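> Okay, so here is run.cif, and as you'll see once you scroll down, it has mmCIF, C-alpha atoms and all ligand atoms.
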data_structure
loop_
_atom_site.label_atom_id
_atom_site.label_comp_id
_atom_site.auth_asym_id
_atom_site.auth_seq_id
_atom_site.Cartn_x
_atom_site.Cartn_y
_atom_site.Cartn_z
CA MET A 1 -10.25 34.53 -4.82
CA THR A 2 -13.70 33.03 -5.39
CA ASP A 3 -15.86 32.41 -2.36
CA THR A 4 -16.30 28.67 -2.90
CA ALA A 5 -17.34 28.14 0.72
CA ALA A 6 -20.60 29.81 -0.21
CA ALA A 7 -20.80 28.02 -3.58
CA LEU A 8 -19.92 24.56 -2.25
CA SER A 9 -22.33 23.08 0.28
CA TYR A 10 -23.48 19.80 1.78
CA HIS A 11 -26.02 19.62 -1.04
CA ASP A 12 -23.10 18.99 -3.43
CA VAL A 13 -22.03 16.07 -1.23
CA GLU A 14 -25.57 14.67 -1.43
CA LEU A 15 -25.58 14.98 -5.24
CA ALA A 16 -22.18 13.25 -5.37
CA ALA A 17 -23.52 10.42 -3.18
CA ARG A 18 -26.30 9.85 -5.73
CA ARG A 19 -23.78 9.70 -8.61
CA LEU A 20 -21.62 7.25 -6.64
CA GLU A 21 -24.48 4.92 -5.81
CA GLY A 22 -23.76 1.49 -7.26
CA ALA A 23 -20.26 2.59 -8.37
CA ALA A 24 -18.37 3.13 -5.09
CA HIS A 25 -18.32 0.67 -2.21
CA ARG A 26 -20.11 1.65 0.97
CA THR A 27 -17.03 0.86 3.09
CA PRO A 28 -17.32 -0.69 6.57
CA VAL A 29 -17.12 1.22 9.85
CA LEU A 30 -15.02 -0.90 12.23
CA THR A 31 -14.42 -0.69 15.97
CA SER A 32 -11.71 -2.13 18.19
CA THR A 33 -11.87 -2.67 21.95
CA THR A 34 -8.07 -2.48 22.06
CA ALA A 35 -8.04 0.87 20.23
CA ASP A 36 -10.68 2.19 22.62
CA LYS A 37 -8.66 1.03 25.63
CA LEU A 38 -5.45 2.55 24.24
CA SER A 39 -7.00 5.92 23.43
CA GLY A 40 -9.67 6.19 26.14
CA GLY A 41 -12.29 7.10 23.54
CA THR A 42 -14.90 5.25 21.50
CA LEU A 43 -13.42 5.10 18.01
CA PHE A 44 -15.24 4.45 14.74
CA PHE A 45 -12.90 3.69 11.86
CA LYS A 46 -14.30 4.45 8.37
CA CYS A 47 -12.25 2.04 6.30
CA GLU A 48 -11.58 3.60 2.90
CA ASN A 49 -8.66 1.19 2.51
CA TYR A 50 -11.48 -1.13 1.38
CA GLN A 51 -12.77 1.37 -1.22
CA ARG A 52 -12.41 0.53 -4.93
CA MET A 53 -8.74 0.92 -5.98
CA GLY A 54 -7.88 0.99 -2.27
CA ALA A 55 -8.54 4.59 -1.24
CA PHE A 56 -11.25 7.25 -0.87
CA LYS A 57 -9.90 9.01 -4.01
CA PHE A 58 -12.26 6.95 -6.17
CA ARG A 59 -15.15 9.00 -4.77
CA GLY A 60 -13.93 12.42 -5.94
CA ALA A 61 -12.54 11.21 -9.26
CA TYR A 62 -15.69 9.32 -10.20
CA ASN A 63 -17.91 12.23 -9.20
CA ALA A 64 -15.91 14.68 -11.32
CA ILE A 65 -15.89 12.45 -14.41
CA ALA A 66 -19.60 11.59 -14.01
CA LYS A 67 -20.31 15.30 -14.64
CA PHE A 68 -18.41 15.46 -17.98
CA ASP A 69 -20.39 16.53 -21.07
CA ASP A 70 -20.04 14.77 -24.45
CA ALA A 71 -17.15 16.96 -25.67
CA GLN A 72 -15.20 16.36 -22.45
CA ARG A 73 -15.84 12.63 -22.67
CA ALA A 74 -14.61 12.55 -26.27
CA ALA A 75 -11.26 14.24 -25.40
CA GLY A 76 -10.68 12.40 -22.12
CA VAL A 77 -9.22 13.32 -18.73
CA VAL A 78 -5.71 14.32 -17.57
CA THR A 79 -4.38 14.58 -14.04
CA PHE A 80 -1.26 14.73 -11.85
CA SER A 81 -0.93 12.59 -8.74
CA SER A 82 1.54 10.92 -6.42
CA GLY A 83 -0.49 7.78 -6.67
CA ASN A 84 -4.00 7.12 -5.40
CA HIS A 85 -5.71 9.87 -7.38
CA ALA A 86 -3.95 8.51 -10.46
CA GLN A 87 -5.51 5.09 -9.93
CA ALA A 88 -8.84 6.69 -9.10
CA ILE A 89 -8.89 8.69 -12.35
CA ALA A 90 -7.66 5.74 -14.44
CA LEU A 91 -10.36 3.45 -13.01
CA SER A 92 -13.14 6.05 -13.21
CA ALA A 93 -12.18 6.88 -16.81
CA LYS A 94 -12.20 3.21 -17.69
CA LEU A 95 -15.66 2.78 -16.14
CA ALA A 96 -16.86 5.84 -18.08
CA GLY A 97 -15.28 4.50 -21.28
CA ILE A 98 -12.98 7.52 -21.78
CA LYS A 99 -9.22 8.02 -22.18
CA SER A 100 -6.95 9.09 -19.27
CA VAL A 101 -3.41 10.53 -19.07
CA ILE A 102 -1.75 10.51 -15.64
CA ILE A 103 1.28 12.65 -14.69
CA MET A 104 3.15 10.83 -11.87
CA PRO A 105 6.38 11.55 -9.98
CA ASN A 106 9.24 9.28 -11.06
CA ASP A 107 9.64 8.12 -7.42
CA ALA A 108 5.99 7.14 -6.92
CA PRO A 109 5.49 3.72 -5.24
CA ALA A 110 5.85 0.99 -7.87
CA LEU A 111 2.54 -0.58 -6.85
CA LYS A 112 0.67 2.64 -7.60
CA VAL A 113 2.32 3.11 -11.02
CA LYS A 114 1.61 -0.50 -11.95
CA ALA A 115 -2.03 -0.31 -10.84
CA THR A 116 -2.56 2.94 -12.77
CA LYS A 117 -1.27 1.33 -15.97
CA GLU A 118 -3.37 -1.77 -15.36
CA TYR A 119 -6.49 0.40 -15.07
CA GLY A 120 -5.69 1.69 -18.56
CA GLY A 121 -4.13 5.06 -17.72
CA GLU A 122 -1.31 6.47 -19.93
CA VAL A 123 1.49 7.40 -17.47
CA VAL A 124 3.79 10.45 -18.00
CA THR A 125 6.53 10.85 -15.33
CA TYR A 126 8.24 13.97 -13.88
CA ASP A 127 10.76 14.89 -11.14
CA ARG A 128 8.81 16.06 -8.09
CA TYR A 129 11.75 18.05 -6.71
CA THR A 130 12.52 20.09 -9.86
CA GLU A 131 9.44 20.12 -12.09
CA ASP A 132 6.00 21.73 -11.67
CA ARG A 133 3.38 19.04 -12.18
CA GLU A 134 0.56 21.56 -12.39
CA ALA A 135 2.26 23.29 -15.34
CA ILE A 136 2.78 19.95 -17.07
CA GLY A 137 -0.90 19.13 -16.49
CA ARG A 138 -2.05 22.45 -17.89
CA ARG A 139 0.16 22.03 -20.97
CA LEU A 140 -1.18 18.54 -21.68
CA SER A 141 -4.76 19.67 -21.23
CA GLU A 142 -4.16 22.53 -23.71
CA GLU A 143 -2.31 20.37 -26.25
CA ARG A 144 -4.80 17.49 -26.21
CA GLY A 145 -8.01 19.26 -25.18
CA MET A 146 -8.33 16.94 -22.19
CA THR A 147 -10.10 18.05 -19.01
CA LEU A 148 -7.80 18.43 -16.03
CA VAL A 149 -9.18 16.90 -12.83
CA PRO A 150 -6.65 17.76 -10.11
CA PRO A 151 -6.27 15.56 -7.01
CA TYR A 152 -7.84 17.93 -4.50
CA ASP A 153 -8.34 21.54 -5.64
CA HIS A 154 -11.69 21.04 -7.41
CA PRO A 155 -15.30 21.41 -6.14
CA ASP A 156 -16.46 18.08 -7.65
CA VAL A 157 -13.51 16.25 -6.09
CA ILE A 158 -14.21 17.81 -2.68
CA ALA A 159 -17.92 16.95 -2.88
CA GLY A 160 -17.11 13.35 -3.83
CA GLN A 161 -14.65 12.88 -0.95
CA GLY A 162 -17.27 14.21 1.47
CA THR A 163 -19.46 11.18 0.81
CA ALA A 164 -17.09 9.11 2.98
CA ALA A 165 -18.00 11.15 6.08
CA LYS A 166 -21.67 11.26 5.03
CA GLU A 167 -21.74 7.45 5.16
CA LEU A 168 -19.88 7.44 8.47
CA PHE A 169 -22.34 9.79 10.21
CA GLU A 170 -25.30 7.91 8.73
CA GLU A 171 -23.97 4.82 10.48
CA THR A 172 -22.77 6.26 13.81
CA GLY A 173 -25.09 9.23 14.37
CA GLU A 174 -23.58 12.38 15.83
CA LEU A 175 -19.96 12.33 16.97
CA ASP A 176 -17.84 14.53 19.27
CA ILE A 177 -14.73 14.58 17.09
CA LEU A 178 -13.97 13.72 13.46
CA LEU A 179 -10.31 13.10 12.57
CA VAL A 180 -9.38 13.32 8.89
CA CYS A 181 -6.10 12.64 7.04
CA LEU A 182 -4.84 15.81 5.36
CA GLY A 183 -2.76 16.36 2.24
CA GLY A 184 -4.12 19.00 -0.14
CA GLY A 185 -7.45 19.10 1.69
CA GLY A 186 -9.93 17.32 -0.61
CA LEU A 187 -10.94 14.77 1.98
CA LEU A 188 -10.88 17.22 4.90
CA ALA A 189 -12.97 19.88 3.10
CA GLY A 190 -15.57 17.38 1.88
CA CYS A 191 -15.83 15.65 5.25
CA ALA A 192 -16.13 19.00 7.04
CA LEU A 193 -19.17 19.86 4.87
CA ALA A 194 -20.77 16.54 5.81
CA ALA A 195 -19.94 16.99 9.50
CA ARG A 196 -21.44 20.48 9.68
CA ALA A 197 -24.70 19.19 8.18
CA LEU A 198 -25.02 15.83 9.94
CA SER A 199 -23.31 16.47 13.29
CA PRO A 200 -23.17 20.25 13.82
CA ASN A 201 -21.38 20.10 17.19
CA CYS A 202 -18.70 17.68 16.02
CA LYS A 203 -15.14 19.06 16.16
CA VAL A 204 -13.48 18.52 12.79
CA ILE A 205 -9.70 18.09 12.99
CA GLY A 206 -7.27 17.56 10.10
CA VAL A 207 -4.11 15.51 10.68
CA GLU A 208 -1.00 16.03 8.55
CA PRO A 209 2.61 14.81 8.71
CA GLU A 210 4.93 16.66 11.11
CA ALA A 211 7.40 17.17 8.23
CA GLY A 212 4.83 19.20 6.29
CA ASN A 213 2.57 21.23 8.59
CA ASP A 214 1.58 23.77 5.93
CA GLY A 215 -2.11 23.13 6.64
CA GLN A 216 -1.70 23.90 10.33
CA GLN A 217 0.24 27.07 9.51
CA SER A 218 -2.38 28.08 6.94
CA LEU A 219 -5.32 27.67 9.32
CA ARG A 220 -3.54 29.69 12.01
CA LEU A 221 -2.44 32.45 9.64
CA GLY A 222 -5.74 32.63 7.72
CA GLU A 223 -4.06 32.25 4.33
CA ILE A 224 -2.49 29.44 2.32
CA VAL A 225 1.14 28.80 3.33
CA HIS A 226 3.52 27.17 0.81
CA ILE A 227 6.35 24.89 1.99
CA ALA A 228 9.06 22.77 0.33
CA VAL A 229 8.10 19.17 -0.59
CA PRO A 230 8.03 17.45 2.83
CA LYS A 231 10.06 14.28 3.35
CA THR A 232 7.74 11.81 5.09
CA ILE A 233 6.63 8.18 4.79
CA ALA A 234 3.12 9.56 4.15
CA ASP A 235 3.60 9.69 0.37
CA GLY A 236 -0.06 10.64 -0.21
CA ALA A 237 0.41 13.83 1.82
CA MET A 238 3.66 15.12 0.28
CA VAL A 239 1.95 18.30 -0.90
CA THR A 240 3.41 21.80 -0.65
CA HIS A 241 0.17 23.73 -0.03
CA LEU A 242 -3.58 23.41 0.46
CA GLY A 243 -5.83 23.97 -2.55
CA VAL A 244 -7.69 27.27 -2.96
CA HIS A 245 -11.16 25.64 -3.03
CA ASN A 246 -10.13 23.43 -0.13
CA PHE A 247 -8.90 26.24 2.06
CA GLU A 248 -12.10 28.23 1.58
CA VAL A 249 -14.05 25.35 3.12
CA ILE A 250 -11.40 24.44 5.69
CA LYS A 251 -11.04 27.95 7.11
CA HIS A 252 -14.81 28.13 7.68
CA HIS A 253 -15.55 24.59 8.87
CA VAL A 254 -12.42 22.99 10.34
CA ASP A 255 -11.66 23.49 14.05
CA ASP A 256 -8.00 22.52 14.16
CA ILE A 257 -5.12 20.87 12.31
CA VAL A 258 -2.58 18.75 14.19
CA THR A 259 0.51 16.81 13.13
CA VAL A 260 1.88 13.30 13.73
CA SER A 261 5.40 11.90 13.26
CA ASP A 262 6.50 9.18 10.85
CA ALA A 263 7.22 6.95 13.87
CA GLN A 264 3.62 7.38 15.04
CA LEU A 265 2.39 6.51 11.54
CA ALA A 266 4.50 3.34 11.37
CA SER A 267 3.38 2.32 14.86
CA SER A 268 -0.26 2.78 13.79
CA MET A 269 0.33 0.64 10.69
CA ALA A 270 1.64 -2.10 12.98
CA PHE A 271 -1.38 -1.69 15.26
CA PHE A 272 -3.84 -2.10 12.38
CA ALA A 273 -1.99 -5.13 11.02
CA GLU A 274 -1.60 -6.87 14.36
CA ARG A 275 -4.88 -6.01 16.09
CA MET A 276 -7.38 -5.36 13.31
CA LYS A 277 -5.83 -7.52 10.57
CA MET A 278 -5.80 -4.57 8.17
CA VAL A 279 -3.28 -3.23 5.69
CA VAL A 280 -3.27 0.57 5.92
CA GLU A 281 -0.78 2.71 4.00
CA PRO A 282 1.31 5.30 5.91
CA THR A 283 -0.84 8.26 4.78
CA GLY A 284 -3.95 6.27 5.63
CA CYS A 285 -2.85 6.21 9.30
CA LEU A 286 -2.60 10.00 9.80
CA ALA A 287 -5.97 10.46 11.51
CA ALA A 288 -5.77 7.25 13.51
CA ALA A 289 -2.25 8.04 14.75
CA ALA A 290 -3.51 11.27 16.32
CA ALA A 291 -6.01 9.29 18.44
CA LEU A 292 -3.84 6.24 19.18
CA HIS A 293 -0.87 8.39 20.25
CA GLY A 294 -2.76 10.97 22.27
CA VAL A 295 -2.01 13.90 19.93
CA VAL A 296 -5.72 14.71 20.15
CA ASP A 297 -7.33 14.04 23.54
CA VAL A 298 -10.19 11.68 22.72
CA ARG A 299 -10.83 10.40 26.28
CA GLY A 300 -14.55 9.90 26.88
CA LYS A 301 -15.42 11.05 23.34
CA ARG A 302 -17.15 9.39 20.40
CA VAL A 303 -14.67 9.79 17.59
CA GLY A 304 -14.88 9.20 13.84
CA ILE A 305 -11.59 8.36 12.14
CA LEU A 306 -11.08 8.33 8.39
CA ILE A 307 -8.70 5.57 7.35
CA SER A 308 -7.96 6.95 3.92
CA GLY A 309 -6.23 4.16 2.01
CA GLY A 310 -4.37 0.85 1.96
CA ASN A 311 -2.10 0.99 -1.06
CA VAL A 312 1.47 0.20 -0.03
CA ASP A 313 4.13 -2.05 -1.60
CA LEU A 314 4.28 -5.27 0.45
CA SER A 315 8.07 -4.99 0.90
CA ARG A 316 7.69 -1.40 2.13
CA PHE A 317 4.85 -2.46 4.43
CA ALA A 318 6.99 -5.26 5.92
CA GLU A 319 9.92 -2.88 6.42
CA LEU A 320 7.87 -0.19 8.20
CA VAL A 321 5.87 -2.59 10.36
CA THR A 322 8.97 -4.57 11.38
CA ALA A 323 10.87 -1.42 12.33
CA ALA A 324 7.89 -0.22 14.41
CA ALA A 325 7.32 -3.51 16.27
C1 LIG B 1 -4.70 11.70 -1.25
C2 LIG B 1 -4.64 10.99 0.02
C3 LIG B 1 -4.71 11.68 1.25
C4 LIG B 1 -4.80 13.18 1.32
O1 LIG B 1 -6.00 13.62 0.76
P1 LIG B 1 -6.21 15.16 0.34
O2 LIG B 1 -7.57 15.19 -0.24
O3 LIG B 1 -5.14 15.51 -0.64
O4 LIG B 1 -6.06 15.95 1.59
C5 LIG B 1 -4.72 10.94 2.41
N1 LIG B 1 -4.62 9.59 2.39
C6 LIG B 1 -4.54 8.90 1.25
C7 LIG B 1 -4.44 7.41 1.32
C8 LIG B 1 -4.55 9.57 0.02
O5 LIG B 1 -4.46 8.87 -1.10
#
Once you've parsed the file, please lay out its structure as structure tokens.
Ligand SMILES: *Cc1c(COP(=O)(O)O)cnc(C)c1O


Amino acid sequence: MTDTAAALSYHDVELAARRLEGAAHRTPVLTSTTADKLSGGTLFFKCENYQRMGAFKFRGAYNAIAKFDDAQRAAGVVTFSSGNHAQAIALSAKLAGIKSVIIMPNDAPALKVKATKEYGGEVVTYDRYTEDREAIGRRLSEERGMTLVPPYDHPDVIAGQGTAAKELFEETGELDILLVCLGGGGLLAGCALAARALSPNCKVIGVEPEAGNDGQQSLRLGEIVHIAVPKTIADGAMVTHLGVHNFEVIKHHVDDIVTVSDAQLASSMAFFAERMKMVVEPTGCLAAAAALHGVVDVRGKRVGILISGGNVDLSRFAELVTAAA
């Protein structure tokens, strides 16, 4: 295993921030008196649901593609994704003027498939319960000479995602706790690098779905734990294991990983809609749910919370929010 924790540093996040300047939105940091009252802490929500294509994934995808050389640009980019990374790659490729092929599960949310196609991505589908998307990705990259940019297990993707926390700390100053949504660990690893540099005493905590606590198990065991595809409403975190590059950073710089239930996610979606007038997708609520439901004790603390995305079918949104109300 390569020691990417040594190779990947906050400097890479700074370089990514320069590449993203003028391309990514500097998303707002919002506060809510009601959320503070509910949780007992002072919460700062970094709203990546307002990022281009609706999630932080634009940051990592754009950063990776911005580093392509001429030969890579000529052949194009290929990736696999359950949704937001697909849109992020399709949009970034379009902005860079290169071709993209996206491998998506056949049960991916319709909105995400539609958006990916609209951004100009060629969509290839697979069965997430029986087929290995990474193998399909590797085969396509070999057959067509395209560069594979995976959704999280890549240094340039991690560095790009870290720019979200960089912006947050620049706005809030030092924090006591940073809560980050966790799937494969791109966002958590990148944000942990930013936290260590900009707020060294800040506790960095990843939040994953209860149904798939492989990250929590991995951190405790000190090695990457593989699980079956978790069944959860957090479709952006239905991953079976952390990435290798991600875990190298996470095991050095992340203090803890906790889990939240689907009911807590749905309740947080309802909270954001009702109180803050925001559409947040189920996966986007992971970090917030940990604070709003007391999974992490934030009383008396200044807490940064990554809201990771807002892409959810309206009918699905209505269903989840109504059931939670
Ligand atoms: C991808 C995604 C996550 C998980 O990010 P990782 O980098 O895979 O840990 C969380 N929330 C949303 C909205 C996502 O799209």

> For Pro105 in chain A, which residue out of A:Pro282, A:Gly162, A:Gly236, A:Pro200 is the nearest one, using all atoms listed in the file?

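Smallest separation from Pro105 in chain A among the options: A:Gly236.
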
> Give me, as JSON, numbers by chain, the set of residues whose atoms come within 8 Å of any atom of ligand LIG 1 (chain B), counting all atoms listed in the file.

{"A": [49, 55, 56, 57, 83, 84, 85, 151, 152, 158, 161, 181, 182, 183, 184, 185, 186, 187, 188, 189, 234, 236, 237, 239, 242, 281, 282, 283, 284, 285, 286, 307, 308, 309, 310, 311]}

> What is the distance between CA of His11 in chain A and CA of Ile65 in chain A, in Å to one decimal?

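Distance reported for this atom pair: 18.2 Å.
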
> For a test of reading the model, state the distance in Å between CA of Leu111 in chain A and CA of Ala266 in chain A, rounded to one decimal.

18.7 Å

> Mind giving me the straight-line distance from CA of Pro28 in chain A to CA of Leu306 in chain A in Å, one decimal?

11.1 Å

> Closest to His252 in chain A among A:Lys117, A:His226, A:Arg26, A:Arg196, using only C-alpha atoms?

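Smallest distance to His252 in chain A is found for A:Arg196.
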
> Env of range 142-145 of chain A: 8 Å cut, atoms = all atoms listed in the file, seq-sep filter 4 positions within chain, self excluded. Answer as a PyMOL selection string.

chain A and resi 75-76+138

> Fewer than 2 positions away in the same chain doesn't count, so skip those; otherwise give me all residues within 9 Å of Ala96 in chain A, counting all atoms listed in the file, as a PyMOL selection string.

chain A and resi 62+65-66+73+91-94+98-99

> Counting only C-alpha atoms, figure out which residue out of A:Ile102, A:Val260, A:Ala64, A:Met53 gets nearest to Glu208 in chain A.

A:Val260

> Leaving out Ala16 in chain A and any residue of its chain fewer than 2 positions from it, which residues lie within 7 Å of it when counting all atoms listed in the file, given as a list in words?

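Answer for this query is Asp12, Val13, Glu14, Arg18, Arg19, Leu20, Asn63, Ala159 and Gly160 of chain A.
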
> Between A:Thr163, A:Lys46, A:Val229, A:His25, which residue has the minimum interatomic distance to Glu131 in chain A, considering all atoms listed in the file?

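The closest residue to Glu131 in chain A is A:Val229.
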
> Show me, as a list in words, the residues that have an atom within 12 Å of His253 in chain A when counting only C-alpha atoms, minus same-chain residues fewer than 5 positions from it.

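Listing them by chain and then by number gives Ala5, Ala6, Leu8, Ser9, Tyr10, Leu178, Leu188, Ala189, Gly190, Cys191, Ala192, Leu193, Ala194, Ala195, Arg196, Ala197, Pro200, Asn201, Cys202, Lys203, Val204, Ile205, Gly206, Leu219, Asn246, Phe247 and Glu248 of chain A.
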
> Pick the closest to Pro209 in chain A from A:Ile257, A:Ala323, A:Ala35, A:Leu15: which is it, counting only C-alpha atoms?

A:Ile257

> Can you pull out every residue within 10 Å of Glu170 in chain A, counting all atoms listed in the file, but drop anything in the same chain fewer than 4 positions away, and send it as a list in words?

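Everything that qualifies: Ala165, Lys166, Glu174, Leu198 and Ser199 of chain A.
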
> Taking the point (-3.5, 31.7, 3.0) as given in the file, collect each protein or nucleic acid residue that comes within 10 Å of it, counting all atoms listed in the file, and present the set as an MDAnalysis selection string.

chainID A and resid 214:215 217:226 241:244 247:248 251

> Compare A:Asp313, A:Val78, A:Val113, A:Pro155 by their minimum atom-to-atom distance to Glu134 in chain A, counting only C-alpha atoms, and give me the closest one.

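Selected residue with least distance to Glu134 in chain A: A:Val78.
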